[in-house]
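Q: One structure follows; several queries about it will come next.
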Amino acid sequence: MLARQWRDLMEEGPVKTEIDTRLDTLRAAHRALDQRIGQLALEGTRDEVELQRLKKQKLALKDRIAHLESDRIPDIIA
């Protein structure tokens, strides 16, 4: 019975967890901010406040992504 369940699980492939879904969303937002920052830089915008605000948001997203990725790795008790 257990072997059958294992085989069925392997055939379905990896199950996407809530954390994986959230990571995908955060990564997409991070990429969008990166593109917007690049676009503003190419345009030579004078709105430094807006540029700094976007960079700060991008950094916050990066921190959240790193935190969620670390949550995916189980703690190993030695």
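Please note that chains go A, B, ... in the order of the structure tokens, that every chain numbers its residues from 1, and that ligands are numbered from 1 in the order shown.
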Env of Ile19 in chain A: 8 Å cut, atoms = only C-alpha atoms, seq-sep filter 2 positions within chain, self excluded. Answer as JSON, numbers by chain.

A: {"A": [17, 21, 22, 23, 68, 72]}

Q: Keeping only N, CA and C atoms, take the residues you just selected and write them out as a PDB file, in the first residue's frame.

A:
ATOM      1  N   THR A  17       3.442  23.879  -3.028  1.00  0.00           N
ATOM      2  CA  THR A  17       2.952  24.268  -1.718  1.00  0.00           C
ATOM      3  C   THR A  17       2.533  25.735  -1.717  1.00  0.00           C
ATOM      4  N   THR A  21       3.896  28.933  -4.096  1.00  0.00           N
ATOM      5  CA  THR A  21       3.014  29.872  -4.790  1.00  0.00           C
ATOM      6  C   THR A  21       3.336  31.303  -4.384  1.00  0.00           C
ATOM      7  N   ARG A  22       3.528  31.511  -3.097  1.00  0.00           N
ATOM      8  CA  ARG A  22       3.870  32.847  -2.595  1.00  0.00           C
ATOM      9  C   ARG A  22       5.223  33.297  -3.143  1.00  0.00           C
ATOM     10  N   LEU A  23       6.192  32.373  -3.193  1.00  0.00           N
ATOM     11  CA  LEU A  23       7.505  32.705  -3.739  1.00  0.00           C
ATOM     12  C   LEU A  23       7.399  33.118  -5.205  1.00  0.00           C
ATOM     13  N   LEU A  68      11.305  33.267   3.049  1.00  0.00           N
ATOM     14  CA  LEU A  68      10.455  32.134   2.672  1.00  0.00           C
ATOM     15  C   LEU A  68      11.268  30.952   2.169  1.00  0.00           C
ATOM     16  N   ARG A  72      11.561  26.905   3.705  1.00  0.00           N
ATOM     17  CA  ARG A  72      11.344  25.668   2.949  1.00  0.00           C
ATOM     18  C   ARG A  72      12.346  24.577   3.333  1.00  0.00           C
TER      19      ARG A  72
END

Q: In Å, with one decimal, what is the gap from CA of Lys56 in chain A to CA of Thr25 in chain A?

A: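 Taking CA of Lys56 in chain A as the start and CA of Thr25 in chain A as the end point, the length is 17.8 Å.
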
Q: Give me, as a short mmCIF file (atom, residue, chain, number, x, y, z; two decimals) with N, CA and C atoms, in the first residue's frame, all polymer residues having an atom no more than 7 Å from range 32-39 of chain A, counting only C-alpha atoms and skipping those fewer than 2 positions away in the same chain.

A:
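Listed below is the output, result_7.cif:
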data_model
loop_
_atom_site.label_atom_id
_atom_site.label_comp_id
_atom_site.auth_asym_id
_atom_site.auth_seq_id
_atom_site.Cartn_x
_atom_site.Cartn_y
_atom_site.Cartn_z
N ALA A 28 7.86 37.39 -9.14
CA ALA A 28 7.29 38.14 -10.26
C ALA A 28 7.24 39.63 -9.94
N ALA A 29 6.85 39.96 -8.72
CA ALA A 29 6.81 41.36 -8.30
C ALA A 29 8.22 41.96 -8.29
N HIS A 30 9.19 41.17 -7.86
CA HIS A 30 10.59 41.61 -7.82
C HIS A 30 11.09 41.90 -9.24
N ALA A 41 15.75 54.37 -15.14
CA ALA A 41 17.16 54.72 -15.29
C ALA A 41 17.48 55.05 -16.74
N LEU A 42 16.91 54.29 -17.68
CA LEU A 42 17.15 54.56 -19.10
C LEU A 42 16.53 55.88 -19.54
N GLU A 43 15.38 56.21 -18.96
CA GLU A 43 14.70 57.46 -19.29
C GLU A 43 15.43 58.66 -18.70
N LEU A 51 12.56 56.70 -7.55
CA LEU A 51 13.56 55.65 -7.81
C LEU A 51 14.00 54.99 -6.50
N LEU A 54 11.20 52.73 -5.14
CA LEU A 54 11.12 51.45 -5.86
C LEU A 54 12.25 50.51 -5.45
N LYS A 58 11.94 46.85 -3.74
CA LYS A 58 12.61 45.69 -4.34
C LYS A 58 13.46 44.97 -3.29
#

Q: Find the distance between CA of Leu61 in chain A and CA of Ile76 in chain A and write it in Å to one decimal.

A: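 So the answer is 26.6 Å.
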
Q: Please indicate the distance in Å from CA of Asp24 in chain A to CA of Leu59 in chain A, rounded to one decimal place.

A: 16.2 Å
